[in-house]
$ cat work38.csv   # CSV, C-alpha atoms
chain,number,residue,atom,x,y,z
F,13,MET,CA,58.6,54.8,132.6
F,14,ILE,CA,61.6,53.0,131.3
F,15,GLN,CA,64.3,52.2,133.8
F,16,ARG,CA,67.8,51.7,132.7
F,17,THR,CA,70.0,49.2,134.1
F,18,GLY,CA,73.4,50.2,135.5
F,19,LYS,CA,75.1,48.8,132.4
F,20,SER,CA,73.1,50.8,129.9
F,21,LEU,CA,73.4,54.0,132.0
F,22,ARG,CA,77.2,53.7,132.0
F,23,ALA,CA,77.1,53.1,128.2
F,24,ALA,CA,75.0,56.2,127.8
F,25,VAL,CA,77.3,58.3,129.9
F,26,ARG,CA,80.4,57.0,128.1
F,27,SER,CA,78.7,57.7,124.7
F,28,ARG,CA,77.9,61.2,125.7
F,29,ALA,CA,81.5,61.8,127.1
F,30,GLY,CA,82.9,60.7,123.7
F,31,LEU,CA,80.7,63.1,121.9
F,32,THR,CA,81.8,65.9,124.2
F,33,LEU,CA,85.5,65.1,123.6
F,34,LEU,CA,84.8,65.2,119.8
F,35,GLU,CA,83.1,68.5,120.2
F,36,LEU,CA,86.0,69.9,122.2
F,37,MET,CA,88.5,68.8,119.6
F,38,PHE,CA,86.5,70.4,116.9
F,39,ALA,CA,86.2,73.6,118.8
F,40,LEU,CA,89.9,73.7,119.5
F,41,THR,CA,90.7,73.1,115.9
F,42,LEU,CA,88.5,76.0,114.9
F,43,MET,CA,90.1,78.2,117.5
F,44,VAL,CA,93.7,77.3,116.3
F,45,ILE,CA,92.7,78.0,112.7
F,46,GLY,CA,91.3,81.4,113.7
F,47,LEU,CA,94.4,82.3,115.7
F,48,LEU,CA,96.6,81.4,112.8
F,49,GLY,CA,94.6,83.6,110.5
F,50,PHE,CA,94.8,86.4,113.0
F,51,ALA,CA,98.6,86.0,113.4
F,52,GLN,CA,98.9,86.1,109.6
F,53,VAL,CA,96.9,89.4,109.4
F,54,LEU,CA,99.2,90.8,112.1
F,55,MET,CA,102.3,89.8,110.2
F,56,ILE,CA,101.0,91.3,107.0
F,57,THR,CA,100.0,94.5,108.8
F,58,SER,CA,103.4,94.8,110.4
F,59,ALA,CA,105.3,94.3,107.1
F,60,SER,CA,103.1,96.9,105.5
F,61,ALA,CA,103.8,99.4,108.2
F,62,THR,CA,107.5,98.7,108.0
F,63,ALA,CA,107.5,99.1,104.2
F,64,ALA,CA,105.6,102.4,104.5
F,65,ARG,CA,108.1,103.6,107.1
F,66,GLU,CA,111.0,102.7,104.8
F,67,GLU,CA,109.4,104.5,101.9
F,68,ALA,CA,108.9,107.6,104.1
F,69,ILE,CA,112.6,107.5,105.1
F,70,ALA,CA,113.7,107.2,101.5
F,71,SER,CA,111.4,110.1,100.4
F,72,GLN,CA,112.6,112.4,103.1
F,73,ALA,CA,116.3,111.5,102.5
F,74,ALA,CA,116.0,112.1,98.8
F,75,GLY,CA,114.3,115.5,99.4
F,76,GLU,CA,116.9,116.5,101.9
F,77,MET,CA,119.7,115.6,99.5
F,78,LEU,CA,118.1,117.6,96.7
F,79,LYS,CA,118.0,120.6,99.0
F,80,THR,CA,121.6,120.1,99.8
F,81,ILE,CA,122.5,119.9,96.1
F,82,GLN,CA,120.5,123.0,95.3
F,83,SER,CA,122.2,124.9,98.1
F,84,ALA,CA,125.6,124.3,96.5
F,85,GLY,CA,126.9,126.9,94.0
F,86,PHE,CA,125.3,126.1,90.7
F,87,VAL,CA,128.5,125.9,88.7
F,88,GLN,CA,129.9,123.4,91.3
F,89,ILE,CA,126.9,121.0,91.4
F,90,PHE,CA,128.2,118.5,88.9
F,91,GLY,CA,131.8,118.5,90.2
F,92,LEU,CA,130.6,118.1,93.8
F,93,TYR,CA,128.1,115.2,93.2
F,94,ASN,CA,129.2,113.2,90.2
F,95,GLY,CA,130.9,109.8,90.3
F,96,SER,CA,134.5,111.0,90.0
F,97,THR,CA,137.0,112.6,92.5
F,98,ALA,CA,139.1,113.9,89.6
F,99,ASP,CA,137.1,117.1,89.2
F,100,ASP,CA,136.2,117.9,92.8
F,101,PRO,CA,136.1,121.7,93.1
F,102,GLY,CA,138.3,121.8,96.3
F,103,GLY,CA,140.8,119.2,95.0
F,104,ILE,CA,140.8,115.4,94.5
F,105,GLY,CA,138.7,113.6,97.2
F,106,THR,CA,137.2,116.8,98.8
F,107,ALA,CA,133.7,116.6,97.4
F,108,PRO,CA,130.8,114.5,98.8
F,109,GLY,CA,130.4,112.5,95.6
F,110,LYS,CA,127.4,110.7,94.3
F,111,ASP,CA,126.8,108.1,97.0
F,112,PHE,CA,125.3,108.9,100.4
F,113,ALA,CA,124.2,107.0,103.6
F,114,ILE,CA,120.6,107.1,104.9
F,115,LEU,CA,120.0,106.4,108.6
F,116,GLY,CA,117.4,103.6,108.9
F,117,LEU,CA,117.9,102.0,105.4
F,118,ASN,CA,120.4,99.3,104.4
F,119,ALA,CA,121.9,99.1,100.9
F,120,VAL,CA,120.8,96.3,98.6
F,121,PRO,CA,123.0,93.2,98.6
F,122,ASN,CA,126.1,93.5,96.4
F,123,ASP,CA,125.9,97.3,96.2
F,124,PRO,CA,129.5,98.3,95.4
F,125,ASP,CA,129.6,101.2,97.8
F,126,GLY,CA,127.3,99.8,100.5
F,127,LEU,CA,125.2,103.0,100.6
F,128,PRO,CA,121.5,103.2,99.6
F,129,GLY,CA,121.6,106.8,98.2
F,130,GLU,CA,123.0,107.8,94.8
F,131,ILE,CA,122.9,111.1,92.8
F,132,LEU,CA,122.8,110.6,89.0
F,133,PHE,CA,123.5,112.9,86.1
F,134,PRO,CA,123.3,112.3,82.3
F,135,THR,CA,126.8,110.8,81.9
F,136,VAL,CA,127.9,107.7,79.9
F,137,THR,CA,129.5,104.6,81.5
F,138,GLY,CA,133.2,105.1,81.8
F,139,ALA,CA,133.1,108.9,81.6
F,140,PRO,CA,131.6,110.1,85.0
F,141,THR,CA,133.1,113.6,84.5
F,142,ALA,CA,131.4,114.2,81.1
F,143,LEU,CA,128.0,115.8,81.3
F,144,ARG,CA,126.2,114.9,78.0
F,145,GLU,CA,123.3,116.5,76.2
F,146,ASP,CA,122.9,113.7,73.6
F,147,LEU,CA,122.3,110.9,76.1
F,148,VAL,CA,118.9,109.3,75.4
F,149,ASP,CA,117.4,108.8,78.9
F,150,ALA,CA,113.8,109.6,79.9
F,151,ARG,CA,114.8,109.8,83.6
F,152,PHE,CA,116.8,112.9,82.8
F,153,GLY,CA,114.6,114.3,80.0
F,154,THR,CA,117.5,114.0,77.6
F,155,PRO,CA,118.5,114.6,74.9
F,156,ARG,CA,118.3,118.2,75.8
F,157,ASP,CA,120.3,121.4,75.3
F,158,LEU,CA,122.0,121.8,78.7
F,159,SER,CA,124.4,124.6,77.7
F,160,GLY,CA,121.8,126.9,76.2
F,161,ASP,CA,123.6,127.3,72.9
F,162,GLY,CA,120.6,126.0,70.9
F,163,VAL,CA,122.4,122.8,69.8
F,164,ILE,CA,122.3,119.2,71.3
F,165,ASP,CA,125.7,117.7,70.7
F,166,ALA,CA,128.0,114.9,72.1
F,167,ASN,CA,130.4,117.4,73.8
F,168,ASN,CA,131.2,117.4,77.5
F,169,HIS,CA,129.2,120.2,79.1
F,170,ALA,CA,130.5,119.9,82.6
F,171,GLY,CA,132.0,123.3,82.4
F,172,ASP,CA,129.3,125.2,80.6
F,173,TYR,CA,125.9,123.9,81.6
F,174,SER,CA,123.0,126.3,82.4
F,175,LEU,CA,120.5,123.5,83.0
F,176,ILE,CA,121.4,120.3,84.8
F,177,PRO,CA,119.1,117.2,85.2
F,178,VAL,CA,119.4,115.5,88.6
F,179,VAL,CA,118.0,112.1,89.8
F,180,VAL,CA,118.3,111.3,93.4
F,181,GLN,CA,117.9,107.6,93.7
F,182,VAL,CA,117.4,105.5,96.9
F,183,ARG,CA,117.7,101.7,96.7
F,184,TRP,CA,117.4,99.7,99.9
F,185,ARG,CA,116.9,96.2,101.2
F,186,GLY,CA,113.6,96.3,103.0
F,187,ALA,CA,110.7,94.4,104.5
F,188,ARG,CA,109.3,93.5,101.1
F,189,GLY,CA,112.6,92.9,99.2
F,190,VAL,CA,114.4,95.7,97.3
F,191,GLY,CA,112.8,99.1,97.6
F,192,THR,CA,113.4,102.0,95.1
F,193,TYR,CA,112.6,105.6,95.3
F,194,GLU,CA,113.6,108.3,92.8
F,195,LEU,CA,113.3,112.1,92.9
F,196,LYS,CA,113.9,113.8,89.5
F,197,THR,CA,114.4,117.5,88.8
F,198,MET,CA,116.0,120.0,86.6
F,199,ILE,CA,118.1,122.7,88.2
F,200,ALA,CA,118.6,125.9,86.1
F,201,ASN,CA,121.0,128.8,86.5
F,202,LEU,CA,118.6,131.7,85.8
F,203,PRO,CA,119.9,135.2,85.4

$ encode --input "work38.csv" --output "structure tokens"
Amino acid sequence: MIQRTGKSLRAAVRSRAGLTLLELMFALTLMVIGLLGFAQVLMITSASATAAREEAIASQAAGEMLKTIQSAGFVQIFGLYNGSTADDPGGIGTAPGKDFAILGLNAVPNDPDGLPGEILFPTVTGAPTALREDLVDARFGTPRDLSGDGVIDANNHAGDYSLIPVVVQVRWRGARGVGTYELKTMIANLP
């Protein structure tokens, strides 16, 4: 049996204590790395849930706006929801117009009207009261005969359309940057 002297026993205890401290630091480091990873997963999950909620709000708002548009008298749809007040059916400034607010969504930065919702028709820049058949735009399915006269022309069909393409667009500043949602349809005046 080997006996240790007091000095060598203290050295052995000190050596073992140092190793325990090293093991403790290693364990704490691993725990911190694990906690940081878990926190990151929680943040990603939270952002995904927020983005999904925002998309649901945009989808619901676009659907509700489309129902509102369809409930208007067919011949008044364009005048009520285009980008001009000059042709409002009840007089200048009486129609809802093309832009609308959505509770729970914020407009994108630098949006001129500050509203995330917008109703779009096939018009050309600078002529918001001119409904055009000859506009080439896949979103509207144009060019297309909107008046039902069998001809696609460059005339203004705001007063004689029997088919009207509508895009309800929602753009918002969200959890993952700028979000966009579009709902597209054709509304027809069937006999």

$ closest_residue --input "work38.csv" --among "F:Gly116, F:Leu34, F:Gln181, F:Asn167" --to "Arg65 (chain F)" --atoms "only C-alpha atoms"
F:Gly116

$ closest_residue --input "work38.csv" --among "F:Thr97, F:Gln52, F:Thr57, F:Thr135" --to "Asp149 (chain F)" --atoms "only C-alpha atoms"
F:Thr135

$ closest_residue --input "work38.csv" --among "F:Ala70, F:Ala170, F:Val178, F:Val163" --to "Arg151 (chain F)" --atoms "only C-alpha atoms"
F:Val178

$ closest_residue --input "work38.csv" --among "F:Val179, F:Ala142, F:Ala39, F:Ala187" --to "Ala166 (chain F)" --atoms "all atoms listed in the file"
F:Ala142

$ residues_around --input "work38.csv" --residues "Met198 (chain F)" --least-positions-apart "4" --cutoff "8 Å" --atoms "all atoms listed in the file" --output "PyMOL selection string"
chain F and resi 175-178

$ atom_distance --input "work38.csv" --atom1 "CA of Ala73 (chain F)" --atom2 "CA of Pro101 (chain F)"
24.2 Å

$ atom_distance --input "work38.csv" --atom1 "CA of Val148 (chain F)" --atom2 "CA of Val136 (chain F)"
10.2 Å

$ residues_around --input "work38.csv" --residues "Arg185 (chain F)" --least-positions-apart "5" --cutoff "7 Å" --atoms "all atoms listed in the file" --output "JSON, numbers by chain"
{"F": [118, 119, 120, 190, 191]}

$ atom_distance --input "work38.csv" --atom1 "CA of Ser83 (chain F)" --atom2 "CA of Leu127 (chain F)"
22.2 Å

$ closest_residue --input "work38.csv" --among "F:Thr197, F:Thr137, F:Thr192, F:Thr62" --to "Gly153 (chain F)" --atoms "all atoms listed in the file"
F:Thr197

$ closest_residue --input "work38.csv" --among "F:Val44, F:Ala107, F:Met37, F:Ala68" --to "Ala84 (chain F)" --atoms "all atoms listed in the file"
F:Ala107

$ residues_around --input "work38.csv" --residues "Glu145 (chain F)" --least-positions-apart "6" --cutoff "7 Å" --atoms "only C-alpha atoms" --output "CSV table (one decimal) with C-alpha atoms, keeping the file's coordinate frame"
chain,number,residue,atom,x,y,z
F,154,THR,CA,117.5,114.0,77.6
F,155,PRO,CA,118.5,114.6,74.9
F,156,ARG,CA,118.3,118.2,75.8
F,157,ASP,CA,120.3,121.4,75.3
F,158,LEU,CA,122.0,121.8,78.7
F,164,ILE,CA,122.3,119.2,71.3
F,165,ASP,CA,125.7,117.7,70.7
F,166,ALA,CA,128.0,114.9,72.1

$ decode --input "work38.csv" --residues "region 51-99 of chain F" --atoms "C-alpha atoms" --output "compact mmCIF listing (two decimals), in the first residue's frame"
# COMPACT_ATOMS: atom_id res chain seq x y z
CA ALA F 51 -33.97 30.80 -28.86
CA GLN F 52 -33.26 31.09 -32.58
CA VAL F 53 -35.79 28.35 -33.35
CA LEU F 54 -38.37 30.20 -31.24
CA MET F 55 -37.70 33.46 -33.08
CA ILE F 56 -38.02 31.79 -36.50
CA THR F 57 -41.24 30.06 -35.44
CA SER F 58 -42.67 33.31 -34.13
CA ALA F 59 -41.80 35.20 -37.34
CA SER F 60 -43.37 32.40 -39.42
CA ALA F 61 -46.55 32.51 -37.36
CA THR F 62 -46.72 36.30 -37.73
CA ALA F 63 -46.17 36.08 -41.50
CA ALA F 64 -48.91 33.45 -41.80
CA ARG F 65 -51.29 35.63 -39.79
CA GLU F 66 -50.52 38.63 -42.01
CA GLU F 67 -51.14 36.57 -45.15
CA ALA F 68 -54.48 35.39 -43.73
CA ILE F 69 -55.50 38.98 -42.94
CA ALA F 70 -54.56 40.08 -46.48
CA SER F 71 -56.44 37.18 -48.06
CA GLN F 72 -59.57 37.81 -46.01
CA ALA F 73 -59.49 41.57 -46.68
CA ALA F 74 -59.07 41.06 -50.43
CA GLY F 75 -61.98 38.58 -50.47
CA GLU F 76 -64.21 40.95 -48.50
CA MET F 77 -63.35 43.83 -50.82
CA LEU F 78 -64.15 41.71 -53.87
CA LYS F 79 -67.57 40.88 -52.35
CA THR F 80 -68.13 44.60 -51.75
CA ILE F 81 -67.22 45.40 -55.36
CA GLN F 82 -69.51 42.68 -56.69
CA SER F 83 -72.41 43.93 -54.57
CA ALA F 84 -72.23 47.37 -56.24
CA GLY F 85 -74.36 47.95 -59.30
CA PHE F 86 -72.44 46.47 -62.24
CA VAL F 87 -72.45 49.65 -64.34
CA GLN F 88 -71.08 51.63 -61.37
CA ILE F 89 -68.17 49.34 -60.43
CA PHE F 90 -65.53 51.18 -62.45
CA GLY F 91 -66.68 54.67 -61.38
CA LEU F 92 -66.86 53.69 -57.71
CA TYR F 93 -63.50 51.95 -57.42
CA ASN F 94 -61.12 53.51 -59.97
CA GLY F 95 -58.33 55.96 -59.17
CA SER F 96 -60.23 59.14 -60.02
CA THR F 97 -62.88 61.17 -58.22
CA ALA F 98 -63.96 62.92 -61.43
CA ASP F 99 -66.33 60.12 -62.47
